[in-house]
Amino acid sequence: MATGVDQAVGMSLVGFSLLLFIYYSIWVIILPFMDRDHVLHKYFLPREYSVILPGIAAVILLLCIGTFTAVVMWKNRKPKKVD
Amino acid sequence: MTKLLEWVGGVLVLGAAWALVTFDLLDLSLPQTYKEVAWPMPLYLLVTFGCYSLATVGYRVATFNDCEEAAKELQEQIKEAKEDLRKKGLKI
């Protein structure tokens, strides 16, 4: 078994993804079947955000990957040889 | 029937079913709640897959056995590789 920090990080990843899955599932699948005045609606944003927020997350992820690639490529550019 | 054709066929069938419900192509007059649940389905499946991947990575990090010697050896090799690349001119 892994020890210490590894276990903590691993288990917190599992817990975080479980929470995210449950919250998103309730948001997308269960809320439309609840009446408008049910108390559960208080804890969730309007449903448009259930599409916009993952979209923004995906854009940020792509930006980070692209920025890292650009920075590494920039640091390794070589000036063209002049004959 | 290759695996690729199987997968493409499956995706096409599911995609057609989703499009039928979301865009009301057959004018089935489904209740509004079913349409509201159906249209984010592709995104929902993607988020579910992402959560499952994250959970699997986390679980395997937590249950992987520590190997002290292999860890030291790996650190040595990382140092060697960095030196080698630095000599050849790569800057990180």
# chains A, B, ... in the order shown; residues from 1 in each chain; ligands from 1
call {"tool": "select_by_dssp", "arguments": {"residues": "stretch 14-58 of chain B", "states": "alpha helix (DSSP H)", "output": "ChimeraX atom specification"}}
result
/B:14-23,32-38,41-58
call {"tool": "closest_atom_pairs", "arguments": {"of": "chain B", "to": "chain A", "cutoff": "6 Å", "atoms": "only C-alpha atoms", "output": "CSV"}}
result
residue,atom,partner,partner_atom,distance
B:Thr33,CA,A:Pro32,CA,5.8
B:Val37,CA,A:Ile29,CA,5.7
B:Cys51,CA,A:Ser17,CA,5.0
B:Ala55,CA,A:Val14,CA,4.3
B:Gly58,CA,A:Gly10,CA,3.9
B:Tyr59,CA,A:Gly10,CA,5.4
B:Val61,CA,A:Gly10,CA,5.2
B:Ala62,CA,A:Gln7,CA,4.1
B:Thr63,CA,A:Met1,CA,5.0
B:Phe64,CA,A:Ala2,CA,5.2
B:Asn65,CA,A:Met1,CA,4.5
B:Asp66,CA,A:Ala2,CA,5.3
call {"tool": "write_last_selection", "arguments": {"atoms": "C-alpha atoms", "output": "mmCIF file, in the first residue's frame"}}
result
data_model
loop_
_atom_site.group_PDB
_atom_site.id
_atom_site.type_symbol
_atom_site.label_atom_id
_atom_site.label_comp_id
_atom_site.auth_asym_id
_atom_site.auth_seq_id
_atom_site.Cartn_x
_atom_site.Cartn_y
_atom_site.Cartn_z
ATOM 1 C CA THR B 33 -38.970 17.329 -19.105
ATOM 2 C CA VAL B 37 -32.961 15.737 -19.696
ATOM 3 C CA CYS B 51 -14.815 11.769 -13.342
ATOM 4 C CA ALA B 55 -11.224 8.463 -9.717
ATOM 5 C CA GLY B 58 -6.569 8.665 -7.730
ATOM 6 C CA TYR B 59 -7.421 5.170 -6.503
ATOM 7 C CA VAL B 61 -2.128 6.327 -6.780
ATOM 8 C CA ALA B 62 -3.468 5.554 -3.303
ATOM 9 C CA THR B 63 -3.097 1.759 -3.558
ATOM 10 C CA PHE B 64 0.201 1.484 -5.434
ATOM 11 C CA ASN B 65 2.940 -0.230 -3.412
ATOM 12 C CA ASP B 66 5.938 1.879 -2.483
#
call {"tool": "atom_distance", "arguments": {"atom1": "atom CA of B:Pro42", "atom2": "atom CA of A:Ala58"}}
result
14.4 Å
call {"tool": "residues_around", "arguments": {"residues": "B:Trp39", "least_positions_apart": "2", "cutoff": "9 Å", "atoms": "only C-alpha atoms", "output": "ChimeraX atom specification"}}
result
/B:18-19,21-23,34-37,41-43
call {"tool": "atom_distance", "arguments": {"atom1": "atom CA of B:Tyr44", "atom2": "atom CA of B:Ala16"}}
result
16.9 Å
call {"tool": "closest_residue", "arguments": {"among": "B:Leu54, B:Val47, B:Leu28, B:Ala38", "to": "A:Tyr23", "atoms": "only C-alpha atoms"}}
result
B:Val47
call {"tool": "atom_distance", "arguments": {"atom1": "atom CA of A:Leu53", "atom2": "atom CA of B:Leu25"}}
result
28.2 Å
call {"tool": "decode", "arguments": {"residues": "stretch 34-54 of chain B", "atoms": "N, CA, C and O atoms", "output": "tab-separated table (two decimals), in the first residue's frame"}}
result
chain	number	residue	atom	x	y	z
B	34	TYR	N	-38.59	15.39	-20.59
B	34	TYR	CA	-37.72	14.40	-21.23
B	34	TYR	C	-36.75	15.08	-22.18
B	34	TYR	O	-35.58	14.73	-22.27
B	35	LYS	N	-37.23	16.08	-22.92
B	35	LYS	CA	-36.32	16.80	-23.81
B	35	LYS	C	-35.25	17.53	-23.01
B	35	LYS	O	-34.08	17.54	-23.39
B	36	GLU	N	-35.66	18.11	-21.87
B	36	GLU	CA	-34.69	18.84	-21.05
B	36	GLU	C	-33.62	17.93	-20.50
B	36	GLU	O	-32.48	18.36	-20.32
B	37	VAL	N	-33.96	16.68	-20.21
B	37	VAL	CA	-32.96	15.74	-19.70
B	37	VAL	C	-32.09	15.23	-20.84
B	37	VAL	O	-30.90	15.01	-20.68
B	38	ALA	N	-32.67	15.06	-22.04
B	38	ALA	CA	-31.95	14.39	-23.13
B	38	ALA	C	-30.87	15.27	-23.76
B	38	ALA	O	-29.80	14.78	-24.10
B	39	TRP	N	-31.14	16.59	-23.91
B	39	TRP	CA	-30.20	17.32	-24.76
B	39	TRP	C	-28.79	17.51	-24.18
B	39	TRP	O	-27.84	17.54	-24.96
B	40	PRO	N	-28.57	17.59	-22.84
B	40	PRO	CA	-27.17	17.65	-22.42
B	40	PRO	C	-26.48	16.28	-22.33
B	40	PRO	O	-25.37	16.20	-21.83
B	41	MET	N	-27.12	15.21	-22.79
B	41	MET	CA	-26.58	13.87	-22.60
B	41	MET	C	-25.15	13.67	-23.10
B	41	MET	O	-24.33	13.12	-22.36
B	42	PRO	N	-24.77	14.10	-24.31
B	42	PRO	CA	-23.38	13.89	-24.73
B	42	PRO	C	-22.39	14.54	-23.77
B	42	PRO	O	-21.40	13.92	-23.37
B	43	LEU	N	-22.67	15.78	-23.35
B	43	LEU	CA	-21.78	16.46	-22.42
B	43	LEU	C	-21.75	15.73	-21.08
B	43	LEU	O	-20.69	15.58	-20.46
B	44	TYR	N	-22.92	15.23	-20.64
B	44	TYR	CA	-22.98	14.53	-19.36
B	44	TYR	C	-22.13	13.27	-19.40
B	44	TYR	O	-21.42	12.95	-18.45
B	45	LEU	N	-22.20	12.53	-20.54
B	45	LEU	CA	-21.39	11.32	-20.66
B	45	LEU	C	-19.91	11.66	-20.63
B	45	LEU	O	-19.10	10.95	-20.03
B	46	LEU	N	-19.53	12.78	-21.26
B	46	LEU	CA	-18.14	13.20	-21.24
B	46	LEU	C	-17.68	13.53	-19.83
B	46	LEU	O	-16.61	13.09	-19.39
B	47	VAL	N	-18.50	14.26	-19.09
B	47	VAL	CA	-18.15	14.61	-17.70
B	47	VAL	C	-18.05	13.35	-16.85
B	47	VAL	O	-17.13	13.21	-16.02
B	48	THR	N	-18.97	12.40	-17.06
B	48	THR	CA	-18.92	11.14	-16.31
B	48	THR	C	-17.63	10.39	-16.59
B	48	THR	O	-16.98	9.88	-15.67
B	49	PHE	N	-17.25	10.33	-17.89
B	49	PHE	CA	-16.01	9.65	-18.24
B	49	PHE	C	-14.82	10.33	-17.60
B	49	PHE	O	-13.91	9.66	-17.09
B	50	GLY	N	-14.82	11.69	-17.58
B	50	GLY	CA	-13.73	12.41	-16.94
B	50	GLY	C	-13.64	12.10	-15.46
B	50	GLY	O	-12.56	11.84	-14.92
B	51	CYS	N	-14.80	12.08	-14.78
B	51	CYS	CA	-14.81	11.77	-13.34
B	51	CYS	C	-14.31	10.35	-13.09
B	51	CYS	O	-13.53	10.11	-12.15
B	52	TYR	N	-14.74	9.41	-13.95
B	52	TYR	CA	-14.30	8.02	-13.77
B	52	TYR	C	-12.79	7.92	-13.95
B	52	TYR	O	-12.10	7.23	-13.17
B	53	SER	N	-12.23	8.61	-14.97
B	53	SER	CA	-10.78	8.58	-15.17
B	53	SER	C	-10.06	9.15	-13.97
B	53	SER	O	-9.09	8.55	-13.47
B	54	LEU	N	-10.54	10.30	-13.46
B	54	LEU	CA	-9.90	10.93	-12.31
B	54	LEU	C	-9.93	10.01	-11.10
B	54	LEU	O	-8.93	9.83	-10.40
